[in-house]
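Okay, upload.cif is below, mmCIF, C-alpha atoms:
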```
data_query
loop_
_atom_site.label_atom_id
_atom_site.label_comp_id
_atom_site.auth_asym_id
_atom_site.auth_seq_id
_atom_site.Cartn_x
_atom_site.Cartn_y
_atom_site.Cartn_z
CA MET A 173 139.04 145.97 113.88
CA THR A 174 141.62 144.89 111.33
CA GLU A 175 144.62 147.14 112.02
CA ALA A 176 147.20 146.63 114.72
CA ALA A 177 146.58 148.94 117.66
CA PRO A 178 149.59 151.25 118.17
CA ALA A 179 149.78 150.99 121.97
CA LEU A 180 149.96 147.21 122.06
CA ASP A 181 153.07 145.29 123.04
CA GLY A 182 154.80 143.38 120.33
CA ARG A 183 157.18 143.41 117.47
CA ARG A 184 157.33 146.37 115.10
CA PHE A 185 157.93 146.08 111.38
CA GLU A 186 161.26 147.90 111.60
CA ASP A 187 162.57 145.27 114.05
CA VAL A 188 162.23 142.44 111.59
CA ALA A 189 164.99 141.14 109.31
CA VAL A 190 164.70 138.63 106.50
CA GLY A 191 166.23 135.34 107.62
CA GLU A 192 165.43 135.93 111.30
CA ALA A 193 164.44 132.67 112.95
CA LEU A 194 161.36 132.60 115.15
CA PRO A 195 161.63 130.66 118.43
CA SER A 196 160.59 127.10 117.63
CA VAL A 197 157.82 125.43 119.61
CA ALA A 198 157.95 121.77 120.66
CA TYR A 199 154.80 119.65 121.04
CA PRO A 200 155.29 116.24 122.63
CA LEU A 201 152.36 114.33 121.14
CA THR A 202 150.68 112.06 123.64
CA VAL A 203 147.31 110.32 123.63
CA TYR A 204 146.27 112.65 126.42
CA ARG A 205 147.12 115.72 124.40
CA LEU A 206 145.35 114.51 121.26
CA VAL A 207 142.20 113.65 123.24
CA MET A 208 142.23 117.13 124.77
CA ALA A 209 142.69 118.62 121.31
CA ALA A 210 139.81 116.62 119.81
CA GLY A 211 137.49 117.60 122.65
CA ALA A 212 138.40 121.25 122.32
CA ASN A 213 138.48 121.68 118.56
CA ARG A 214 135.70 119.15 117.88
CA ASP A 215 137.48 117.16 115.20
CA PHE A 216 136.24 113.81 116.48
CA ASN A 217 137.45 111.79 113.51
CA SER A 218 138.62 108.58 115.21
CA ILE A 219 141.94 108.67 113.36
CA HIS A 220 142.95 111.35 115.87
CA HIS A 221 142.19 109.52 119.12
CA ASN A 222 141.90 105.79 118.41
CA THR A 223 144.98 103.78 117.42
CA GLU A 224 143.04 100.72 116.21
CA TYR A 225 140.83 102.84 114.03
CA ALA A 226 143.72 104.92 112.67
CA GLN A 227 145.62 101.76 111.74
CA ARG A 228 142.58 100.39 109.92
CA THR A 229 142.68 103.49 107.73
CA GLY A 230 146.34 102.92 106.86
CA ALA A 231 148.07 105.15 109.39
CA PRO A 232 150.78 103.80 111.70
CA GLU A 233 149.17 105.38 114.79
CA MET A 234 146.63 107.99 115.82
CA TYR A 235 147.79 111.42 114.71
CA ALA A 236 147.28 115.12 115.40
CA ASN A 237 144.33 116.75 113.67
CA THR A 238 144.36 119.62 111.20
CA GLN A 239 142.99 122.22 113.62
CA PHE A 240 145.67 121.46 116.17
CA LEU A 241 148.42 121.74 113.58
CA LEU A 242 147.06 124.90 112.00
CA THR A 243 146.78 126.67 115.34
CA ALA A 244 150.26 125.41 116.25
CA TRP A 245 151.48 127.55 113.34
CA GLU A 246 149.49 130.53 114.64
CA ARG A 247 150.90 130.10 118.15
CA CYS A 248 154.50 130.05 116.88
CA VAL A 249 153.90 133.31 115.03
CA ARG A 250 151.94 134.94 117.86
CA ASP A 251 154.60 134.02 120.44
CA TRP A 252 157.09 135.90 118.28
CA MET A 253 155.09 138.93 117.15
CA GLY A 254 153.16 139.68 120.36
CA LEU A 255 149.77 141.34 120.59
CA ALA A 256 150.30 144.10 118.05
CA GLY A 257 150.42 142.02 114.88
CA THR A 258 147.53 140.69 112.85
CA VAL A 259 147.45 137.52 110.79
CA ARG A 260 146.44 138.15 107.19
CA ALA A 261 146.79 134.80 105.46
CA ILE A 262 148.05 131.26 105.66
CA ARG A 263 149.21 129.48 102.53
CA GLY A 264 150.89 126.17 101.81
CA PHE A 265 149.60 124.37 104.88
CA ARG A 266 150.02 120.94 103.36
CA MET A 267 150.12 117.60 105.15
CA ARG A 268 153.10 115.53 104.12
CA SER A 269 153.11 112.80 106.73
CA PHE A 270 151.32 111.93 109.93
CA ASN A 271 152.17 113.66 113.21
CA VAL A 272 151.73 110.54 115.30
CA VAL A 273 151.61 110.07 119.06
CA GLY A 274 154.85 109.00 120.68
CA ASP A 275 156.88 111.58 118.79
CA THR A 276 157.59 115.27 119.32
CA MET A 277 156.45 117.74 116.72
CA HIS A 278 158.35 120.99 116.34
CA VAL A 279 157.08 124.12 114.62
CA ARG A 280 159.98 125.99 113.03
CA ALA A 281 159.81 129.27 111.14
CA GLU A 282 161.84 132.12 109.76
CA VAL A 283 161.16 135.48 108.15
CA LYS A 284 161.00 135.05 104.40
CA ASP A 285 160.09 138.52 103.16
CA THR A 286 159.22 142.00 104.40
CA ARG A 287 157.55 144.75 102.42
CA ILE A 288 155.46 147.88 102.71
CA GLU A 289 152.10 147.37 101.05
CA ASP A 290 149.57 150.21 100.99
CA GLY A 291 151.44 151.71 103.94
CA ARG A 292 151.29 148.50 105.96
CA GLY A 293 154.26 146.51 107.19
CA VAL A 294 153.75 143.06 105.73
CA VAL A 295 155.93 140.15 106.84
CA GLU A 296 155.92 136.70 105.26
CA ILE A 297 157.01 133.91 107.57
CA ALA A 298 158.09 130.56 106.15
CA ILE A 299 156.88 127.87 108.53
CA ARG A 300 156.71 124.10 108.87
CA CYS A 301 156.08 121.22 111.25
CA GLU A 302 158.76 118.60 111.74
CA ASN A 303 159.03 115.37 113.70
CA SER A 304 161.65 112.64 113.86
CA THR A 305 160.93 111.71 110.22
CA GLY A 306 161.42 115.25 108.83
CA VAL A 307 158.96 117.85 107.57
CA THR A 308 155.37 116.76 108.21
CA VAL A 309 153.38 119.89 107.34
CA GLY A 310 154.33 122.61 104.89
CA PRO A 311 156.59 124.38 104.35
CA GLY A 312 154.03 127.13 104.04
CA VAL A 313 153.66 130.82 104.74
CA VAL A 314 151.95 132.84 107.44
CA GLU A 315 151.51 136.43 106.30
CA VAL A 316 151.21 139.02 109.07
CA VAL A 317 150.88 142.78 109.35
CA LEU A 318 153.01 144.51 111.97
CA PRO A 319 152.67 148.12 113.11
CA ARG A 320 155.26 150.58 111.79
CA ARG A 321 157.01 152.95 114.20
CA GLU A 322 156.89 155.64 111.56
CA GLU A 323 153.09 155.48 111.53
CA GLU A 324 152.83 155.31 115.33
CA ASP A 325 155.02 158.40 115.77
CA ARG A 326 152.72 160.54 113.66
CA MET B 164 140.15 91.93 84.06
CA THR B 165 143.59 93.42 83.39
CA GLU B 166 145.36 95.59 85.93
CA GLU B 167 144.90 98.56 83.60
CA ALA B 168 141.14 97.92 83.35
CA ILE B 169 140.79 97.65 87.14
CA GLU B 170 142.73 100.89 87.47
CA SER B 171 140.46 102.77 85.07
CA ASP B 172 137.36 101.16 86.60
CA TRP B 173 137.79 102.60 90.10
CA LYS B 174 138.75 105.98 88.72
CA ALA B 175 135.62 105.96 86.55
CA ASP B 176 133.55 105.79 89.75
CA TRP B 177 134.87 109.27 90.55
CA ARG B 178 133.93 110.70 87.14
CA PRO B 179 130.65 112.29 88.39
CA VAL B 180 132.63 114.15 91.03
CA VAL B 181 135.29 115.27 88.56
CA ASP B 182 132.50 116.50 86.30
CA ALA B 183 130.99 118.44 89.20
CA VAL B 184 134.05 120.66 89.67
CA GLY B 185 132.78 124.24 89.90
CA GLN B 186 129.50 123.22 91.53
CA ASP B 187 128.42 124.67 94.88
CA PHE B 188 127.27 121.75 97.05
CA SER B 189 125.87 124.01 99.77
CA ASP B 190 122.54 124.60 97.97
CA GLY B 191 122.77 128.18 99.14
CA GLU B 192 122.64 127.18 102.81
CA THR B 193 125.12 128.53 105.34
CA THR B 194 126.38 125.90 107.78
CA TRP B 195 126.43 127.62 111.16
CA GLY B 196 128.66 126.68 114.05
CA ALA B 197 126.90 124.86 116.86
CA ASP B 198 127.48 127.73 119.27
CA PRO B 199 128.62 131.33 119.19
CA VAL B 200 132.30 131.85 119.91
CA GLU B 201 132.61 132.12 123.69
CA ARG B 202 135.36 132.54 126.24
CA GLY B 203 135.17 129.08 127.81
CA ALA B 204 135.42 127.34 124.47
CA ILE B 205 138.36 129.55 123.48
CA ARG B 206 140.12 128.68 126.73
CA ARG B 207 139.63 124.97 126.16
CA TYR B 208 140.83 125.36 122.57
CA LEU B 209 144.08 126.96 123.78
CA GLU B 210 144.86 124.36 126.45
CA PRO B 211 146.28 121.46 124.42
CA LEU B 212 148.35 123.97 122.44
CA GLU B 213 149.60 125.85 125.53
CA PHE B 214 148.80 128.92 123.45
CA ASP B 215 149.32 131.93 125.72
CA CYS B 216 148.00 135.13 124.16
CA ALA B 217 146.12 137.75 126.17
CA LEU B 218 143.91 138.65 123.22
CA HIS B 219 142.28 135.24 123.65
CA THR B 220 142.20 135.01 127.44
CA ASP B 221 142.08 138.50 128.95
CA ARG B 222 139.06 140.65 128.17
CA GLU B 223 140.76 143.84 129.36
CA ALA B 224 143.73 143.24 127.09
CA ALA B 225 141.38 142.54 124.20
CA VAL B 226 139.44 145.75 124.90
CA ARG B 227 142.72 147.71 124.99
CA ALA B 228 143.40 146.25 121.57
CA GLY B 229 140.10 147.63 120.33
CA PHE B 230 137.84 144.59 120.57
CA ASP B 231 134.59 144.20 122.49
CA ASP B 232 135.76 140.94 124.08
CA VAL B 233 138.44 138.28 123.71
CA THR B 234 139.08 137.11 120.18
CA MET B 235 139.01 133.60 118.75
CA PRO B 236 142.40 132.44 117.48
CA TYR B 237 142.34 133.18 113.75
CA THR B 238 142.77 129.53 112.92
CA GLY B 239 139.75 128.40 114.97
CA LEU B 240 137.50 129.00 111.97
CA MET B 241 136.80 125.37 111.19
CA SER B 242 136.01 124.41 114.79
CA TRP B 243 133.56 127.25 115.24
CA THR B 244 131.76 126.54 111.98
CA LEU B 245 131.10 122.88 112.76
CA PRO B 246 127.43 122.08 113.29
CA PRO B 247 126.40 120.21 116.47
CA MET B 248 127.19 116.51 116.65
CA TRP B 249 123.81 115.82 118.24
CA ARG B 250 120.42 117.51 118.37
CA PRO B 251 117.55 116.80 120.78
CA GLY B 252 115.56 113.79 119.65
CA GLU B 253 118.38 112.25 117.64
CA THR B 254 120.32 109.04 118.22
CA LEU B 255 124.05 109.53 117.79
CA PHE B 256 125.42 106.18 119.03
CA ASP B 257 123.67 102.98 118.00
CA SER B 258 126.38 100.33 118.46
CA ASP B 259 128.57 99.12 121.31
CA ASP B 260 131.33 97.96 118.99
CA ARG B 261 134.55 99.39 120.40
CA ASN B 262 135.35 101.40 117.30
CA ALA B 263 131.80 102.09 116.10
CA GLN B 264 131.31 105.48 114.54
CA PRO B 265 128.50 107.88 115.40
CA VAL B 266 125.41 107.75 113.23
CA ARG B 267 126.52 110.98 111.61
CA SER B 268 129.43 113.39 111.75
CA ALA B 269 130.28 116.59 109.96
CA ILE B 270 133.91 115.48 109.69
CA ASN B 271 133.87 112.89 106.96
CA ASN B 272 132.62 112.60 103.41
CA GLN B 273 129.14 111.32 104.36
CA ASP B 274 127.24 114.28 103.00
CA MET B 275 128.74 114.01 99.52
CA PRO B 276 125.70 113.23 97.35
CA ILE B 277 127.67 111.82 94.42
CA GLY B 278 130.68 109.60 93.86
CA PRO B 279 131.87 106.42 95.57
CA ARG B 280 131.13 105.71 99.22
CA THR B 281 134.29 106.21 101.25
CA THR B 282 135.16 105.46 104.87
CA GLY B 283 138.61 107.04 105.12
CA PHE B 284 138.91 110.80 105.26
CA PHE B 285 141.42 113.45 106.30
CA GLY B 286 142.40 117.02 105.57
CA THR B 287 145.38 117.52 103.27
CA ASP B 288 145.92 121.24 102.85
CA ILE B 289 144.48 124.62 103.75
CA GLU B 290 144.72 128.19 102.53
CA VAL B 291 143.01 130.99 104.42
CA GLU B 292 142.69 134.71 103.93
CA PHE B 293 141.70 136.45 107.18
CA LEU B 294 139.77 139.70 106.85
CA ARG B 295 139.35 140.36 110.58
CA PRO B 296 139.46 138.55 113.93
CA VAL B 297 136.26 136.97 115.27
CA VAL B 298 135.21 138.20 118.72
CA ALA B 299 133.52 136.25 121.54
CA GLY B 300 129.78 136.58 121.18
CA GLU B 301 129.81 136.34 117.40
CA ARG B 302 128.51 133.28 115.64
CA ILE B 303 130.12 132.24 112.40
CA GLY B 304 129.18 129.93 109.57
CA ARG B 305 130.51 128.48 106.38
CA ARG B 306 128.80 129.94 103.33
CA GLY B 307 129.20 128.12 100.05
CA ARG B 308 130.89 124.79 99.45
CA ARG B 309 132.26 125.01 95.96
CA LEU B 310 134.21 122.07 94.63
CA VAL B 311 137.36 123.54 93.11
CA SER B 312 139.14 120.34 92.09
CA CYS B 313 138.86 116.57 92.24
CA ALA B 314 141.77 114.26 91.45
CA PRO B 315 141.28 110.51 91.90
CA LYS B 316 144.48 108.94 93.16
CA GLU B 317 145.69 105.79 94.82
CA THR B 318 147.95 106.44 97.81
CA ALA B 319 149.63 104.33 100.46
CA VAL B 320 146.42 104.34 102.52
CA GLY B 321 143.85 103.55 99.86
CA ARG B 322 142.00 104.52 96.70
CA GLY B 323 140.10 107.76 96.62
CA ALA B 324 140.23 111.34 95.49
CA PHE B 325 141.85 114.58 96.55
CA MET B 326 139.20 117.30 96.58
CA THR B 327 139.49 121.02 97.21
CA TRP B 328 136.58 123.02 98.60
CA GLU B 329 136.15 126.78 98.78
CA SER B 330 133.94 128.69 101.26
CA ASP B 331 133.46 132.09 102.85
CA ILE B 332 133.34 132.33 106.62
CA VAL B 333 130.57 134.74 107.59
CA THR B 334 129.01 136.27 110.69
CA GLU B 335 125.25 136.21 111.29
CA PRO B 336 124.81 139.70 109.77
CA GLY B 337 126.53 138.34 106.67
CA GLU B 338 129.97 139.94 106.96
CA VAL B 339 132.74 137.87 105.39
CA VAL B 340 135.53 137.46 107.97
CA ALA B 341 137.65 134.92 106.08
CA ARG B 342 137.92 133.00 102.86
CA ILE B 343 139.07 129.41 103.06
CA ARG B 344 140.16 126.62 100.74
CA ILE B 345 140.29 123.16 102.26
CA GLY B 346 141.83 120.11 100.63
CA THR B 347 140.61 116.67 101.66
CA TYR B 348 141.34 113.07 100.73
CA ALA B 349 138.32 110.75 100.83
CA TYR B 350 139.19 107.10 100.26
CA VAL B 351 138.47 103.44 100.66
CA PRO B 352 141.23 102.19 102.97
CA LYS B 353 143.51 99.33 101.96
CA ARG B 354 144.73 96.96 104.62
CA ALA B 355 146.90 99.02 106.93
CA THR B 356 150.36 99.26 105.47
CA GLY B 357 152.04 101.29 108.17
CA ASP B 358 153.64 103.49 105.54
CA GLY B 359 151.88 106.50 106.94
CA GLU B 360 152.01 108.57 103.79
CA GLU B 361 149.39 111.27 104.07
CA GLY B 362 148.56 113.43 101.10
CA GLU B 363 150.82 113.52 98.12
#
```

Turn the structure described in the file into structure tokens.
Amino acid sequence: MTEAAPALDGRRFEDVAVGEALPSVAYPLTVYRLVMAAGANRDFNSIHHNTEYAQRTGAPEMYANTQFLLTAWERCVRDWMGLAGTVRAIRGFRMRSFNVVGDTMHVRAEVKDTRIEDGRGVVEIAIRCENSTGVTVGPGVVEVVLPRREEEDR
Amino acid sequence: MTEEAIESDWKADWRPVVDAVGQDFSDGETTWGADPVERGAIRRYLEPLEFDCALHTDREAAVRAGFDDVTMPYTGLMSWTLPPMWRPGETLFDSDDRNAQPVRSAINNQDMPIGPRTTGFFGTDIEVEFLRPVVAGERIGRRGRRLVSCAPKETAVGRGAFMTWESDIVTEPGEVVARIRIGTYAYVPKRATGDGEEGE
């Protein structure tokens, strides 16, 4: 299945306005959390759970892994759009600095563009991770498809 | 040796990799995830993210949405295409040094057959096109490993190269469910500087 199911809860294309901010999500980054993340997403690179090792590779501390950060973007978008939307693409997910333990990472996003494409309601969301040093990942884009009321009413 | 000569010398070590841009390093093999996507693994994946979405946790909700079972978060692609860390008969840990690394790991640059040996490695950027969600019970793999670019560069953490790899994510019947481009930086670490600059 690739299309949003009409009966599902969630945001509709007509409800979305360019510039609308999505609720931000805060992630206090602790050793505990990063160890859980490594165990669950299987990125066992020691830079993500071992301070000594991370520092030997030039980082100031152990830091959150790519999978965790990428899915943090997905969660921010899913929290906002609900069950009805589908994710079509992610672009511009680019690491700029380390998301280290002992800091809080925030995912912040806003609607960048909306358009009808082949009858589908396409929404581009500009998104980024930030910590106390500024932007750490992105800014990039998550492109989603939301159901259109007009189509559901038919 | 002049500074300029040293500079060109280490970059020259990466020349075989730069020349290999366009090559598919997979040898036609698909790298399958260790296990099929399954509910318990999805639940554990969601926990550290506090990611609350019924499509991933509630089978009935997923069925109402038109799926046979709960779906994997879209962005779980890399986790569910990683091969097992260990197979029966293998030795994975052969040292009691506190920070010793396993004998092998899929998350580093160990399997790169050409270019300099590196010990530092991290992801730098990702682009993904999702064609459809993956459902519990499906097994996915990474088909193709085409080197799209290679740019040797010295950064705050060491000397190495930024490389971009392109793959299709496929199910066992061969359906492409996503296309992915992953950027990595493989490097020889300097002494830790504490600068923390990652990527460019």

Dump as JSON lines the rows for residues of region 190-280 of chain B within 12 Å of region 199-213 of chain A: closest atom pair and distance in Å with one decimal, all atoms listed in the file counted, ordered by chain and rising residue number.
```
{"residue": "B:Gly196", "atom": "CA", "partner": "A:Asn213", "partner_atom": "CA", "distance": 11.9}
{"residue": "B:Val200", "atom": "CA", "partner": "A:Asn213", "partner_atom": "CA", "distance": 12.0}
{"residue": "B:Gly203", "atom": "CA", "partner": "A:Ala212", "partner_atom": "CA", "distance": 10.1}
{"residue": "B:Ala204", "atom": "CA", "partner": "A:Ala212", "partner_atom": "CA", "distance": 7.1}
{"residue": "B:Ile205", "atom": "CA", "partner": "A:Ala212", "partner_atom": "CA", "distance": 8.4}
{"residue": "B:Arg206", "atom": "CA", "partner": "A:Ala212", "partner_atom": "CA", "distance": 8.8}
{"residue": "B:Arg207", "atom": "CA", "partner": "A:Ala212", "partner_atom": "CA", "distance": 5.5}
{"residue": "B:Tyr208", "atom": "CA", "partner": "A:Ala212", "partner_atom": "CA", "distance": 4.8}
{"residue": "B:Leu209", "atom": "CA", "partner": "A:Ala212", "partner_atom": "CA", "distance": 8.2}
{"residue": "B:Glu210", "atom": "CA", "partner": "A:Met208", "partner_atom": "CA", "distance": 7.9}
{"residue": "B:Pro211", "atom": "CA", "partner": "A:Ala209", "partner_atom": "CA", "distance": 5.5}
{"residue": "B:Leu212", "atom": "CA", "partner": "A:Ala209", "partner_atom": "CA", "distance": 7.9}
{"residue": "B:Glu213", "atom": "CA", "partner": "A:Tyr199", "partner_atom": "CA", "distance": 9.3}
{"residue": "B:Phe214", "atom": "CA", "partner": "A:Tyr199", "partner_atom": "CA", "distance": 11.3}
{"residue": "B:Met235", "atom": "CA", "partner": "A:Asn213", "partner_atom": "CA", "distance": 11.9}
{"residue": "B:Pro236", "atom": "CA", "partner": "A:Asn213", "partner_atom": "CA", "distance": 11.5}
{"residue": "B:Thr238", "atom": "CA", "partner": "A:Asn213", "partner_atom": "CA", "distance": 10.6}
{"residue": "B:Gly239", "atom": "CA", "partner": "A:Asn213", "partner_atom": "CA", "distance": 7.7}
{"residue": "B:Leu240", "atom": "CA", "partner": "A:Asn213", "partner_atom": "CA", "distance": 9.9}
{"residue": "B:Met241", "atom": "CA", "partner": "A:Asn213", "partner_atom": "CA", "distance": 8.4}
{"residue": "B:Ser242", "atom": "CA", "partner": "A:Asn213", "partner_atom": "CA", "distance": 5.3}
{"residue": "B:Trp243", "atom": "CA", "partner": "A:Asn213", "partner_atom": "CA", "distance": 8.1}
{"residue": "B:Thr244", "atom": "CA", "partner": "A:Asn213", "partner_atom": "CA", "distance": 10.6}
{"residue": "B:Leu245", "atom": "CA", "partner": "A:Asn213", "partner_atom": "CA", "distance": 9.5}
{"residue": "B:Met248", "atom": "CA", "partner": "A:Gly211", "partner_atom": "CA", "distance": 12.0}
{"residue": "B:Ile270", "atom": "CA", "partner": "A:Asn213", "partner_atom": "CA", "distance": 11.7}
```

Computed interatomic separation between CA of Pro276 (chain B) and CA of Thr229 (chain A) (Å):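 CA of Thr229 (chain A) lies at a distance of 22.2 Å from CA of Pro276 (chain B).
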
Find the residues around region 182-187 of chain A up to 12 Å (all atoms listed in the file counted), leave out those fewer than 6 positions away in its own chain, and share them as a ChimeraX atom specification. /A:176,194,249-258,283,285-289,291-296,316-324 /B:216-217,228

Please evaluate the PyMOL selection byres ((chain B and resi 194) around 6) against the structure above and give the resulting residues as a ChimeraX atom specification. /B:193,195,304-305

Mind listing as a list in words all residues within 9 Å of (165.2, 133.9, 110.5), counting only C-alpha atoms?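 In the file's frame, the residues around the point are Ala189, Val190, Gly191, Glu192, Ala193, Leu194, Ala281, Glu282, Val283, Lys284, Ile297 and Ala298 of chain A.
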